[in-house]
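This is work.cif. It holds mmCIF, C-alpha atoms.
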data_protein
loop_
_atom_site.label_atom_id
_atom_site.label_comp_id
_atom_site.auth_asym_id
_atom_site.auth_seq_id
_atom_site.Cartn_x
_atom_site.Cartn_y
_atom_site.Cartn_z
CA MET A 1 19.18 -70.49 41.82
CA LEU A 2 18.70 -67.85 39.12
CA TRP A 3 15.15 -69.07 38.48
CA ARG A 4 14.26 -68.84 42.18
CA ALA A 5 15.78 -65.34 42.39
CA ALA A 6 13.77 -64.29 39.36
CA CYS A 7 10.62 -65.64 40.97
CA ARG A 8 11.30 -63.60 44.13
CA VAL A 9 11.84 -60.45 42.08
CA ALA A 10 8.65 -61.13 40.11
CA THR A 11 6.73 -61.64 43.35
CA ARG A 12 7.95 -58.29 44.73
CA ILE A 13 7.00 -56.52 41.50
CA ALA A 14 3.55 -58.11 41.37
CA GLY A 15 2.85 -57.23 45.00
CA PRO A 16 1.27 -59.42 47.66
CA SER A 17 -1.31 -61.97 46.57
CA PRO A 18 -4.88 -61.62 47.90
CA PRO A 19 -5.50 -63.46 51.17
CA ARG A 20 -6.92 -66.97 50.87
CA ARG A 21 -10.04 -67.85 52.85
CA GLY A 22 -10.60 -70.85 55.05
CA LEU A 23 -11.18 -71.92 58.61
CA ARG A 24 -8.39 -74.33 59.36
CA LEU A 25 -5.00 -72.91 60.19
CA ARG A 26 -2.22 -75.37 59.50
CA GLY A 27 0.89 -74.70 61.59
CA LEU A 28 4.15 -74.03 59.75
CA ASP A 29 7.33 -75.95 60.48
CA GLN A 30 9.56 -73.45 62.31
CA SER A 31 12.52 -75.85 62.63
CA PRO A 32 15.82 -74.64 61.10
CA HIS A 33 16.47 -75.82 57.55
CA PRO A 34 19.50 -78.01 56.85
CA PRO A 35 22.48 -76.52 55.04
CA GLY A 36 21.78 -75.76 51.40
CA PHE A 37 18.14 -74.86 51.95
CA SER A 38 18.69 -71.20 52.87
CA ASP A 39 17.50 -70.06 49.43
CA VAL A 40 14.07 -71.66 49.77
CA VAL A 41 11.33 -69.03 49.95
CA PRO A 42 9.39 -69.60 53.21
CA PRO A 43 5.61 -69.90 52.84
CA THR A 44 3.82 -66.60 53.36
CA GLU A 45 1.17 -66.20 56.03
CA GLU A 46 -1.59 -66.23 53.42
CA THR A 47 -0.78 -69.78 52.28
CA VAL A 48 -1.45 -71.47 55.62
CA PHE A 49 -5.24 -71.14 55.37
CA ARG A 50 -6.86 -74.17 53.80
CA PRO A 51 -10.50 -75.12 53.15
CA LEU A 52 -12.45 -77.32 55.53
CA TYR A 53 -12.32 -80.94 54.43
CA MET A 54 -15.73 -82.50 53.73
CA ASP A 55 -14.80 -85.00 51.01
CA VAL A 56 -13.92 -88.18 52.91
CA GLN A 57 -15.37 -90.41 50.17
CA ALA A 58 -12.47 -89.29 47.97
CA THR A 59 -9.86 -89.94 50.65
CA THR A 60 -9.46 -89.72 54.41
CA PRO A 61 -6.72 -87.99 56.39
CA MET A 62 -4.26 -90.41 57.89
CA ASP A 63 -4.86 -91.11 61.55
CA PRO A 64 -1.73 -89.97 63.48
CA ARG A 65 -1.66 -93.34 65.24
CA VAL A 66 -1.29 -95.00 61.85
CA LEU A 67 1.72 -92.83 61.07
CA ASP A 68 3.25 -93.76 64.44
CA ALA A 69 2.98 -97.44 63.52
CA MET A 70 4.54 -96.85 60.09
CA LEU A 71 7.54 -94.70 61.03
CA PRO A 72 9.87 -97.47 62.31
CA TYR A 73 9.45 -99.33 59.01
CA LEU A 74 10.25 -96.20 57.02
CA ILE A 75 13.52 -95.60 58.88
CA ASN A 76 14.94 -98.53 60.85
CA TYR A 77 13.23 -101.73 59.71
CA TYR A 78 13.68 -101.35 55.98
CA GLY A 79 14.32 -104.96 54.99
CA ASN A 80 12.60 -106.63 52.08
CA PRO A 81 9.90 -108.88 53.56
CA HIS A 82 10.72 -111.53 50.93
CA SER A 83 14.40 -111.75 51.97
CA ARG A 84 14.64 -115.04 53.87
CA THR A 85 18.37 -115.14 54.65
CA HIS A 86 18.77 -112.44 57.32
CA SER A 87 17.02 -110.66 60.19
CA TYR A 88 16.16 -107.54 58.16
CA GLY A 89 13.85 -109.61 55.98
CA TRP A 90 12.46 -111.59 58.91
CA GLU A 91 11.54 -108.39 60.80
CA SER A 92 9.67 -106.99 57.81
CA GLU A 93 7.97 -110.30 57.07
CA ALA A 94 6.74 -110.51 60.68
CA ALA A 95 5.32 -106.99 60.40
CA VAL A 96 3.53 -107.83 57.14
CA GLU A 97 2.01 -110.99 58.63
CA HIS A 98 0.84 -109.06 61.69
CA ALA A 99 -0.83 -106.52 59.40
CA ARG A 100 -2.44 -109.39 57.47
CA GLN A 101 -3.92 -110.62 60.75
CA GLN A 102 -5.24 -107.13 61.56
CA VAL A 103 -7.01 -106.82 58.18
CA ALA A 104 -8.44 -110.35 58.47
CA SER A 105 -9.76 -109.68 61.96
CA LEU A 106 -11.73 -106.66 60.73
CA ILE A 107 -13.70 -108.69 58.17
CA GLY A 108 -13.78 -112.04 59.99
CA SER A 109 -11.52 -113.99 57.62
CA ASP A 110 -8.46 -116.21 57.85
CA PRO A 111 -5.21 -114.19 57.45
CA ARG A 112 -4.17 -116.53 54.62
CA GLU A 113 -7.15 -115.23 52.63
CA ILE A 114 -5.79 -111.65 52.58
CA ILE A 115 -3.68 -110.56 49.59
CA PHE A 116 -2.07 -107.11 49.69
CA THR A 117 -2.43 -104.90 46.60
CA SER A 118 -1.87 -101.26 45.66
CA GLY A 119 -5.51 -100.34 46.37
CA ALA A 120 -9.14 -101.17 45.69
CA THR A 121 -8.80 -100.52 41.94
CA GLU A 122 -6.20 -103.28 41.61
CA SER A 123 -8.21 -105.54 43.92
CA ASN A 124 -11.31 -105.07 41.76
CA ASN A 125 -9.32 -105.86 38.62
CA ILE A 126 -7.90 -109.05 40.17
CA ALA A 127 -11.32 -110.17 41.40
CA ILE A 128 -13.30 -109.56 38.22
CA LYS A 129 -10.74 -110.36 35.54
CA GLY A 130 -9.02 -113.04 37.61
CA VAL A 131 -12.16 -115.11 38.31
CA ALA A 132 -13.66 -114.62 34.84
CA ARG A 133 -10.48 -115.67 33.04
CA PHE A 134 -9.77 -118.66 35.27
CA TYR A 135 -13.22 -120.20 34.67
CA LYS A 136 -13.63 -118.99 31.08
CA LEU A 137 -13.66 -122.47 29.52
CA ARG A 138 -16.88 -123.36 31.38
CA LYS A 139 -18.38 -119.99 32.32
CA LYS A 140 -18.47 -116.81 30.24
CA HIS A 141 -21.00 -114.62 32.05
CA VAL A 142 -20.53 -111.93 34.71
CA ILE A 143 -23.14 -109.82 36.53
CA THR A 144 -22.66 -106.35 38.01
CA THR A 145 -24.73 -103.19 38.52
CA GLN A 146 -24.99 -99.90 36.66
CA THR A 147 -23.85 -97.88 39.69
CA GLU A 148 -20.51 -99.58 40.39
CA HIS A 149 -17.21 -97.73 40.61
CA LYS A 150 -15.56 -96.93 37.28
CA CYS A 151 -12.83 -99.55 37.76
CA VAL A 152 -15.45 -102.30 38.08
CA LEU A 153 -17.39 -101.11 35.03
CA ASP A 154 -14.22 -100.74 32.97
CA SER A 155 -12.99 -104.20 34.01
CA CYS A 156 -16.32 -105.63 32.82
CA ARG A 157 -16.05 -103.77 29.51
CA SER A 158 -12.57 -105.21 29.13
CA LEU A 159 -14.03 -108.71 29.61
CA GLU A 160 -16.71 -107.96 27.00
CA ALA A 161 -13.93 -107.19 24.52
CA GLU A 162 -12.51 -110.65 25.31
CA GLY A 163 -15.82 -112.34 24.44
CA PHE A 164 -17.50 -112.51 27.85
CA LYS A 165 -21.13 -111.57 28.32
CA VAL A 166 -21.81 -109.00 31.08
CA THR A 167 -25.21 -108.14 32.57
CA TYR A 168 -25.44 -104.64 34.09
CA LEU A 169 -28.33 -104.75 36.57
CA PRO A 170 -30.42 -101.58 36.90
CA VAL A 171 -31.12 -100.11 40.33
CA GLN A 172 -34.38 -98.82 41.75
CA LYS A 173 -35.03 -95.12 42.41
CA ASN A 174 -33.55 -95.53 45.90
CA GLY A 175 -30.29 -96.86 44.40
CA ILE A 176 -30.76 -100.47 45.62
CA ILE A 177 -30.93 -103.42 43.24
CA ASP A 178 -34.04 -105.57 42.99
CA LEU A 179 -33.06 -109.05 44.19
CA LYS A 180 -35.57 -110.59 41.77
CA ASP A 181 -33.62 -109.00 38.90
CA LEU A 182 -30.44 -110.59 40.25
CA GLU A 183 -31.99 -114.04 40.53
CA ALA A 184 -33.40 -113.78 37.02
CA ALA A 185 -30.03 -112.68 35.60
CA ILE A 186 -28.03 -115.65 36.93
CA GLN A 187 -27.42 -118.22 34.20
CA PRO A 188 -25.79 -121.69 34.20
CA ASP A 189 -22.58 -120.14 32.84
CA THR A 190 -22.43 -117.21 35.33
CA SER A 191 -19.08 -117.24 37.13
CA LEU A 192 -19.24 -114.04 39.19
CA VAL A 193 -21.59 -111.43 40.65
CA SER A 194 -19.96 -108.11 41.64
CA VAL A 195 -21.98 -105.60 43.71
CA MET A 196 -20.45 -102.81 45.80
CA THR A 197 -21.18 -102.61 49.54
CA VAL A 198 -21.62 -98.83 49.89
CA ASN A 199 -21.92 -96.53 46.89
CA ASN A 200 -19.17 -93.91 46.79
CA GLU A 201 -21.45 -91.20 45.41
CA ILE A 202 -24.83 -91.53 47.13
CA GLY A 203 -23.92 -93.69 50.15
CA VAL A 204 -26.53 -96.39 49.50
CA ARG A 205 -25.92 -99.77 51.19
CA GLN A 206 -26.76 -102.77 49.04
CA PRO A 207 -28.31 -105.88 50.71
CA ILE A 208 -24.98 -107.72 50.72
CA GLU A 209 -26.10 -110.57 52.97
CA ASP A 210 -29.11 -111.35 50.75
CA ILE A 211 -26.97 -111.17 47.61
CA GLY A 212 -24.43 -113.53 49.18
CA ARG A 213 -27.15 -116.01 50.07
CA ILE A 214 -28.55 -115.98 46.51
CA CYS A 215 -25.09 -116.43 44.95
CA SER A 216 -24.19 -119.24 47.33
CA SER A 217 -27.41 -121.12 46.59
CA ARG A 218 -26.79 -120.79 42.83
CA LYS A 219 -23.10 -121.79 43.06
CA VAL A 220 -21.90 -118.43 41.75
CA TYR A 221 -18.97 -116.51 43.26
CA PHE A 222 -19.83 -113.20 44.92
CA HIS A 223 -17.42 -110.23 44.89
CA THR A 224 -18.06 -106.92 46.65
CA ASP A 225 -16.14 -103.67 46.33
CA ALA A 226 -16.15 -102.70 50.01
CA ALA A 227 -13.78 -99.73 49.79
CA GLN A 228 -16.43 -97.39 51.22
CA GLY A 229 -17.81 -99.91 53.71
CA VAL A 230 -14.91 -101.67 55.43
CA GLY A 231 -14.15 -100.18 58.83
CA LYS A 232 -17.33 -98.09 58.77
CA ILE A 233 -20.07 -100.71 59.00
CA PRO A 234 -19.80 -104.27 60.41
CA LEU A 235 -18.85 -106.78 57.70
CA ASN A 236 -18.20 -110.49 58.09
CA VAL A 237 -17.26 -112.42 54.95
CA ASN A 238 -18.45 -115.76 56.34
CA ASP A 239 -21.80 -114.61 57.67
CA MET A 240 -22.48 -112.67 54.47
CA LYS A 241 -21.19 -115.46 52.19
CA ILE A 242 -18.76 -113.15 50.41
CA ASP A 243 -16.17 -114.92 48.24
CA LEU A 244 -14.03 -111.93 47.25
CA MET A 245 -13.79 -108.45 48.80
CA SER A 246 -11.83 -105.34 47.78
CA ILE A 247 -10.42 -103.02 50.46
CA SER A 248 -8.63 -99.66 50.24
CA GLY A 249 -6.18 -98.29 52.81
CA HIS A 250 -6.74 -94.57 52.31
CA LYS A 251 -10.52 -94.82 52.77
CA ILE A 252 -10.08 -95.94 56.40
CA TYR A 253 -7.57 -93.30 57.60
CA GLY A 254 -4.59 -95.31 56.38
CA PRO A 255 -1.91 -94.54 53.77
CA LYS A 256 -2.50 -94.20 50.05
CA GLY A 257 -1.02 -96.74 47.65
CA VAL A 258 -2.05 -99.87 49.55
CA GLY A 259 -5.14 -102.07 49.62
CA ALA A 260 -6.12 -105.69 49.94
CA ILE A 261 -8.30 -108.35 48.42
CA TYR A 262 -9.95 -111.11 50.38
CA ILE A 263 -10.12 -114.38 48.39
CA ARG A 264 -11.96 -117.31 50.00
CA ARG A 265 -9.98 -120.53 50.59
CA ARG A 266 -12.79 -122.95 51.48
CA PRO A 267 -14.54 -123.57 49.20
CA ARG A 268 -11.57 -122.34 47.23
CA VAL A 269 -11.94 -119.48 44.77
CA ARG A 270 -9.38 -119.59 41.96
CA VAL A 271 -8.16 -116.46 40.17
CA GLU A 272 -5.82 -115.97 37.26
CA ALA A 273 -3.08 -113.50 38.24
CA VAL A 274 -3.34 -110.19 36.42
CA GLN A 275 0.32 -109.29 37.07
CA SER A 276 3.40 -111.40 36.25
CA GLY A 277 6.50 -111.46 38.40
CA GLY A 278 8.15 -113.15 41.36
CA GLY A 279 5.02 -114.88 42.62
CA GLN A 280 4.65 -112.98 45.87
CA GLU A 281 1.33 -113.07 47.77
CA ARG A 282 0.82 -116.75 46.89
CA GLY A 283 1.25 -116.01 43.21
CA MET A 284 -1.85 -113.83 43.03
CA ARG A 285 -0.10 -110.45 43.18
CA SER A 286 3.57 -110.38 42.23
CA GLY A 287 5.76 -107.51 43.41
CA THR A 288 7.57 -106.56 46.61
CA VAL A 289 5.07 -105.91 49.39
CA PRO A 290 5.62 -102.33 50.69
CA THR A 291 6.11 -103.02 54.39
CA PRO A 292 5.50 -99.46 55.74
CA LEU A 293 2.24 -99.08 53.78
CA VAL A 294 1.01 -102.53 54.76
CA VAL A 295 1.83 -101.86 58.43
CA GLY A 296 -0.14 -98.60 58.15
CA MET A 297 -3.11 -100.37 56.63
CA GLY A 298 -3.05 -103.01 59.36
CA ALA A 299 -2.99 -100.34 62.05
CA ALA A 300 -5.86 -98.48 60.33
CA CYS A 301 -7.94 -101.68 60.28
CA GLU A 302 -7.28 -102.36 63.96
CA LEU A 303 -8.26 -98.80 64.89
CA ALA A 304 -11.38 -99.03 62.72
CA GLN A 305 -12.42 -102.22 64.49
CA GLU A 306 -11.95 -100.58 67.91
CA GLU A 307 -13.68 -97.32 67.05
CA MET A 308 -16.32 -98.36 64.51
CA GLU A 309 -19.27 -98.15 66.89
CA ASN A 310 -18.30 -94.75 68.31
CA ASP A 311 -17.40 -93.38 64.88
CA HIS A 312 -20.74 -94.50 63.45
CA LYS A 313 -22.75 -92.92 66.27
CA ARG A 314 -20.89 -89.64 66.05
CA ILE A 315 -20.97 -89.46 62.25
CA SER A 316 -24.71 -90.25 62.28
CA LEU A 317 -25.36 -87.34 64.64
CA LEU A 318 -23.27 -84.94 62.55
CA ALA A 319 -24.96 -86.09 59.34
CA GLU A 320 -28.40 -85.61 60.87
CA ARG A 321 -27.34 -82.15 62.05
CA LEU A 322 -26.14 -81.14 58.56
CA VAL A 323 -29.21 -82.43 56.70
CA GLU A 324 -31.68 -80.99 59.21
CA LYS A 325 -29.98 -77.59 59.15
CA ILE A 326 -29.95 -77.38 55.36
CA MET A 327 -33.41 -78.81 54.69
CA SER A 328 -35.13 -76.74 57.38
CA ASN A 329 -33.75 -73.55 55.84
CA LEU A 330 -33.99 -74.34 52.13
CA PRO A 331 -36.97 -75.58 50.10
CA ASP A 332 -36.59 -77.85 47.07
CA VAL A 333 -33.64 -79.86 48.36
CA VAL A 334 -33.63 -83.57 47.50
CA MET A 335 -31.56 -86.28 49.21
CA ASN A 336 -30.39 -88.81 46.65
CA GLY A 337 -30.46 -92.50 47.51
CA ASP A 338 -32.32 -94.53 50.09
CA PRO A 339 -32.60 -92.63 53.40
CA VAL A 340 -32.61 -95.84 55.51
CA GLN A 341 -30.29 -98.33 53.75
CA HIS A 342 -27.60 -95.72 53.72
CA TYR A 343 -24.17 -94.97 55.24
CA PRO A 344 -24.66 -91.66 57.11
CA GLY A 345 -21.20 -90.26 56.35
CA CYS A 346 -22.01 -89.88 52.64
CA ILE A 347 -24.75 -87.33 51.95
CA ASN A 348 -25.72 -86.44 48.39
CA LEU A 349 -28.09 -83.49 48.08
CA SER A 350 -29.56 -81.88 44.96
CA PHE A 351 -30.39 -78.18 45.19
CA ALA A 352 -33.07 -77.42 42.60
CA TYR A 353 -32.54 -74.36 40.36
CA VAL A 354 -28.85 -74.12 41.27
CA GLU A 355 -25.96 -75.33 39.10
CA GLY A 356 -23.76 -77.67 41.14
CA GLU A 357 -20.54 -76.30 39.71
CA SER A 358 -21.57 -72.72 40.60
CA LEU A 359 -22.31 -73.79 44.15
CA LEU A 360 -18.96 -75.57 44.46
CA MET A 361 -17.16 -72.43 43.29
CA ALA A 362 -19.10 -70.35 45.81
CA LEU A 363 -18.20 -72.82 48.58
CA LYS A 364 -14.50 -72.52 47.84
CA ASP A 365 -13.58 -72.51 51.53
CA VAL A 366 -15.07 -76.00 51.94
CA ALA A 367 -13.60 -78.99 50.11
CA LEU A 368 -16.59 -80.80 48.56
CA SER A 369 -17.34 -82.66 45.36
CA SER A 370 -20.20 -82.47 42.94
CA GLY A 371 -22.45 -85.37 42.03
CA SER A 372 -22.28 -83.95 38.54
CA ALA A 373 -19.44 -84.93 36.24
CA CYS A 374 -18.87 -81.26 35.38
CA THR A 375 -15.70 -81.43 37.45
CA SER A 376 -14.27 -83.95 34.98
CA ALA A 377 -14.80 -81.59 32.01
CA SER A 378 -18.01 -83.33 30.95
CA LEU A 379 -21.44 -81.72 30.83
CA GLU A 380 -23.11 -85.10 31.28
CA PRO A 381 -24.61 -85.65 34.74
CA SER A 382 -23.35 -88.42 37.02
CA TYR A 383 -24.08 -91.92 35.70
CA VAL A 384 -25.05 -92.97 39.23
CA LEU A 385 -27.71 -90.26 39.48
CA ARG A 386 -28.94 -91.08 35.99
CA ALA A 387 -29.24 -94.75 37.00
CA ILE A 388 -31.57 -93.88 39.88
CA GLY A 389 -33.74 -91.80 37.57
CA THR A 390 -32.79 -88.33 38.80
CA ASP A 391 -33.91 -85.52 36.50
CA GLU A 392 -31.00 -84.07 34.55
CA ASP A 393 -31.44 -80.62 36.14
CA LEU A 394 -31.32 -82.09 39.65
CA ALA A 395 -28.38 -84.33 38.73
CA HIS A 396 -26.45 -81.23 37.67
CA SER A 397 -27.25 -79.53 40.99
CA SER A 398 -26.02 -82.24 43.36
CA ILE A 399 -23.29 -81.92 45.97
CA ARG A 400 -21.72 -84.74 47.99
CA PHE A 401 -20.93 -84.01 51.65
CA GLY A 402 -18.50 -86.38 53.37
CA ILE A 403 -18.34 -86.64 57.17
CA GLY A 404 -15.58 -88.63 58.85
CA ARG A 405 -13.76 -89.43 62.07
CA PHE A 406 -12.15 -86.01 62.41
CA THR A 407 -15.06 -83.82 61.25
CA THR A 408 -16.22 -81.41 63.96
CA GLU A 409 -19.59 -79.88 64.82
CA GLU A 410 -18.20 -76.43 64.01
CA GLU A 411 -17.22 -77.60 60.51
CA VAL A 412 -20.67 -79.07 59.91
CA ASP A 413 -22.39 -75.88 61.09
CA TYR A 414 -20.11 -73.67 59.02
CA THR A 415 -20.66 -75.80 55.91
CA ALA A 416 -24.44 -75.78 56.38
CA GLU A 417 -24.58 -72.01 56.93
CA LYS A 418 -22.39 -71.27 53.91
CA CYS A 419 -24.41 -73.67 51.77
CA ILE A 420 -27.72 -72.07 52.80
CA TYR A 421 -26.40 -68.57 52.13
CA HIS A 422 -25.00 -69.33 48.69
CA VAL A 423 -27.97 -71.41 47.52
CA LYS A 424 -30.28 -68.52 48.40
CA ARG A 425 -27.98 -66.06 46.64
CA LEU A 426 -27.66 -68.16 43.48
CA ARG A 427 -31.41 -68.80 43.35
CA GLU A 428 -32.11 -65.08 43.55
CA MET A 429 -30.00 -64.71 40.40
CA SER A 430 -31.85 -67.52 38.61
CA PRO A 431 -34.78 -66.67 36.28
CA LEU A 432 -36.02 -70.24 36.72
CA TRP A 433 -36.35 -69.75 40.47
CA GLU A 434 -38.27 -66.52 39.86
CA MET A 435 -40.68 -68.35 37.52
CA VAL A 436 -41.23 -71.11 40.09
CA GLN A 437 -41.96 -68.50 42.76
CA ASP A 438 -44.58 -67.05 40.42
CA GLY A 439 -46.27 -70.46 40.31
CA ILE A 440 -45.11 -71.50 36.83
CA ASP A 441 -44.59 -75.25 36.31
CA LEU A 442 -41.31 -75.45 34.40
CA LYS A 443 -42.11 -78.91 33.03
CA THR A 444 -45.05 -77.46 31.07
CA ILE A 445 -42.86 -74.98 29.21
CA LYS A 446 -41.73 -75.84 25.69
CA TRP A 447 -38.28 -74.37 25.34
CA THR A 448 -37.01 -73.32 21.90
CA GLN A 449 -33.53 -72.69 20.60
CA HIS A 450 -32.59 -69.61 18.58
#
Structure translated into structure tokens:
Amino acid sequence: MLWRAACRVATRIAGPSPPRRGLRLRGLDQSPHPPGFSDVVPPTEETVFRPLYMDVQATTPMDPRVLDAMLPYLINYYGNPHSRTHSYGWESEAAVEHARQQVASLIGSDPREIIFTSGATESNNIAIKGVARFYKLRKKHVITTQTEHKCVLDSCRSLEAEGFKVTYLPVQKNGIIDLKDLEAAIQPDTSLVSVMTVNNEIGVRQPIEDIGRICSSRKVYFHTDAAQGVGKIPLNVNDMKIDLMSISGHKIYGPKGVGAIYIRRRPRVRVEAVQSGGGQERGMRSGTVPTPLVVGMGAACELAQEEMENDHKRISLLAERLVEKIMSNLPDVVMNGDPVQHYPGCINLSFAYVEGESLLMALKDVALSSGSACTSASLEPSYVLRAIGTDEDLAHSSIRFGIGRFTTEEEVDYTAEKCIYHVKRLREMSPLWEMVQDGIDLKTIKWTQH
């Protein structure tokens, strides 16, 4: 109480804070507070303005229909789904199995092949470490690519420390692997190939069906991290000959903290459990299944299946609108990744002669992320952009734009206009831009340090 009072006094002394910019106005809850909450300082008017959200590769907002499906299991149906002796457990178990069916339907699998996890990171760990360790007496080789998500690369490094050999396939300048490289890399002792469906940074779609066919013909298991692809592009695990697939709930407008892994039953793929415990989820992922989160994920998958075609058309139009608007008004803008084999909702642009971090700070009323790793306190450019051969200067100047189900035309136009304005402003302040305008080729200059 004293601390809160002191804070209020300090706030009055310091005066009002400067207004915060942004387009979206989030409504405040005007309902009366319960007893005991009268001392809570209500939010000031300035705090309700928030930036536009254009970072759906990081996470998506929960679809309100998903929340509607979850609420009964947060309040009334709270039984443990593994309790077999009373109706509370039976209700929750039935809800979990229904959600399992919803996830399976989205990817064309049998519900018994779906294992619920805490997210795609855990699913990737189970797939890569689980398969490699189970078959380690006969097979000690794993193949992946240089542009995978960090959790895949770190899982592979962990296997290397255990004595496994890992091949990290390079990608071409468009971000797609060369299938000849994959075929050449497969050895008699290769147990697993892991290639992501859609890249989280540049939006490139790998030729999953071709990779599945190659792996199947060589009797090697194929795992794909489909966190950025499931629910956004059509995927069928049988047609594409996928043996293991990782899925994330919060990338498809579902809740955070839940995901799934598809593990093929016929021919059966065996995995060594990464986690010890009560043997839930057929012994592959011990721990109580969180019924409300699983129900939310199931609902998100069902909605994605219903709305995928419309979502894709709309997102494609918005993406085309954003890129056309920016590129027609700004020279020296490069789109990273293949322009055709590409998911339209993930756009990665490099703005030459502009520092990505400076542009992000200028665009503070739009929530975006940089393709550069500057945001993680490192001056090294993104490893994905380095893998596709992007010049270091361009890699440092990249911005990722994410367009999703709830993005509007007005938000796209506002983002494009702000981006154009600030890129022009920052370039005018850049001596490099001035030199380029004077016709000087920067690559011919020999820079010296003093």
>> What would the selection look like, as a PyMOL selection string, if the PyMOL selection byres ((chain A and resi 129) around 9) were run on the coordinates I just shared?
In response: chain A and resi 124-128+130-134+155-156+158-159+271-274
>> Going by the chain IDs and residue numbers used in this file, which residues fall under the PyMOL selection byres ((chain A and resi 228) around 7)? Write them as JSON, numbers by chain.
In response: {"A": [198, 200, 226, 227, 229, 230, 251]}
Return as a JSON list (two decimals) with C-alpha atoms, keeping the file's coordinate frame the set of residues that the PyMOL selection byres ((chain A and resi 397) around 9) yields on the displayed structure.
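After the write, expr_7.json holds the following:
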[["chain", "number", "residue", "atom", "x", "y", "z"],
["A", 349, "LEU", "CA", -28.09, -83.49, 48.08],
["A", 350, "SER", "CA", -29.56, -81.88, 44.96],
["A", 351, "PHE", "CA", -30.39, -78.18, 45.19],
["A", 352, "ALA", "CA", -33.07, -77.42, 42.60],
["A", 353, "TYR", "CA", -32.54, -74.36, 40.36],
["A", 354, "VAL", "CA", -28.85, -74.12, 41.27],
["A", 355, "GLU", "CA", -25.96, -75.33, 39.10],
["A", 356, "GLY", "CA", -23.76, -77.67, 41.14],
["A", 357, "GLU", "CA", -20.54, -76.30, 39.71],
["A", 358, "SER", "CA", -21.57, -72.72, 40.60],
["A", 359, "LEU", "CA", -22.31, -73.79, 44.15],
["A", 370, "SER", "CA", -20.20, -82.47, 42.94],
["A", 371, "GLY", "CA", -22.45, -85.37, 42.03],
["A", 372, "SER", "CA", -22.28, -83.95, 38.54],
["A", 392, "GLU", "CA", -31.00, -84.07, 34.55],
["A", 393, "ASP", "CA", -31.44, -80.62, 36.14],
["A", 394, "LEU", "CA", -31.32, -82.09, 39.65],
["A", 395, "ALA", "CA", -28.38, -84.33, 38.73],
["A", 396, "HIS", "CA", -26.45, -81.23, 37.67],
["A", 398, "SER", "CA", -26.02, -82.24, 43.36],
["A", 399, "ILE", "CA", -23.29, -81.92, 45.97]]
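Proximity of A:Val166, A:Pro292, A:Gln437, A:Ala362 to Arg425 (chain A), computed with only C-alpha atoms, is greatest for A:Ala362.
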Can you write out as JSON lines which residues of region 337-450 of chain A fall within 8 Å of region 310-317 of chain A, alongside each residue's closest atom pair and its distance in Å to one decimal, counting only C-alpha atoms and ordering rows by chain and ascending residue number?
{"residue": "A:Pro344", "atom": "CA", "partner": "A:Ser316", "partner_atom": "CA", "distance": 5.4}
{"residue": "A:Gly345", "atom": "CA", "partner": "A:Ile315", "partner_atom": "CA", "distance": 6.0}
{"residue": "A:Ile403", "atom": "CA", "partner": "A:Ile315", "partner_atom": "CA", "distance": 6.4}
{"residue": "A:Gly404", "atom": "CA", "partner": "A:Ile315", "partner_atom": "CA", "distance": 6.4}
{"residue": "A:Arg405", "atom": "CA", "partner": "A:Asp311", "partner_atom": "CA", "distance": 6.1}
Residues near region 98-110 of chain A, anyone? I mean within 10 Å using only C-alpha atoms, not counting same-chain ones fewer than 5 positions away, as an mmCIF file with C-alpha atoms, keeping the file's coordinate frame.
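Result file around_10.cif:
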data_model
loop_
_atom_site.group_PDB
_atom_site.id
_atom_site.type_symbol
_atom_site.label_atom_id
_atom_site.label_comp_id
_atom_site.auth_asym_id
_atom_site.auth_seq_id
_atom_site.Cartn_x
_atom_site.Cartn_y
_atom_site.Cartn_z
ATOM 1 C CA SER A 92 9.670 -106.990 57.810
ATOM 2 C CA GLU A 93 7.970 -110.300 57.070
ATOM 3 C CA ILE A 115 -3.680 -110.560 49.590
ATOM 4 C CA PHE A 116 -2.070 -107.110 49.690
ATOM 5 C CA VAL A 230 -14.910 -101.670 55.430
ATOM 6 C CA GLY A 231 -14.150 -100.180 58.830
ATOM 7 C CA PRO A 234 -19.800 -104.270 60.410
ATOM 8 C CA LEU A 235 -18.850 -106.780 57.700
ATOM 9 C CA ASN A 236 -18.200 -110.490 58.090
ATOM 10 C CA VAL A 237 -17.260 -112.420 54.950
ATOM 11 C CA ASN A 238 -18.450 -115.760 56.340
ATOM 12 C CA ASP A 239 -21.800 -114.610 57.670
ATOM 13 C CA MET A 245 -13.790 -108.450 48.800
ATOM 14 C CA ILE A 247 -10.420 -103.020 50.460
ATOM 15 C CA GLY A 259 -5.140 -102.070 49.620
ATOM 16 C CA ALA A 260 -6.120 -105.690 49.940
ATOM 17 C CA ILE A 261 -8.300 -108.350 48.420
ATOM 18 C CA TYR A 262 -9.950 -111.110 50.380
ATOM 19 C CA ILE A 263 -10.120 -114.380 48.390
ATOM 20 C CA ARG A 264 -11.960 -117.310 50.000
ATOM 21 C CA ARG A 265 -9.980 -120.530 50.590
ATOM 22 C CA THR A 291 6.110 -103.020 54.390
ATOM 23 C CA LEU A 293 2.240 -99.080 53.780
ATOM 24 C CA VAL A 294 1.010 -102.530 54.760
ATOM 25 C CA VAL A 295 1.830 -101.860 58.430
ATOM 26 C CA GLY A 296 -0.140 -98.600 58.150
ATOM 27 C CA MET A 297 -3.110 -100.370 56.630
ATOM 28 C CA GLY A 298 -3.050 -103.010 59.360
ATOM 29 C CA ALA A 299 -2.990 -100.340 62.050
ATOM 30 C CA ALA A 300 -5.860 -98.480 60.330
ATOM 31 C CA CYS A 301 -7.940 -101.680 60.280
ATOM 32 C CA GLU A 302 -7.280 -102.360 63.960
ATOM 33 C CA LEU A 303 -8.260 -98.800 64.890
ATOM 34 C CA ALA A 304 -11.380 -99.030 62.720
ATOM 35 C CA GLN A 305 -12.420 -102.220 64.490
ATOM 36 C CA GLU A 306 -11.950 -100.580 67.910
#
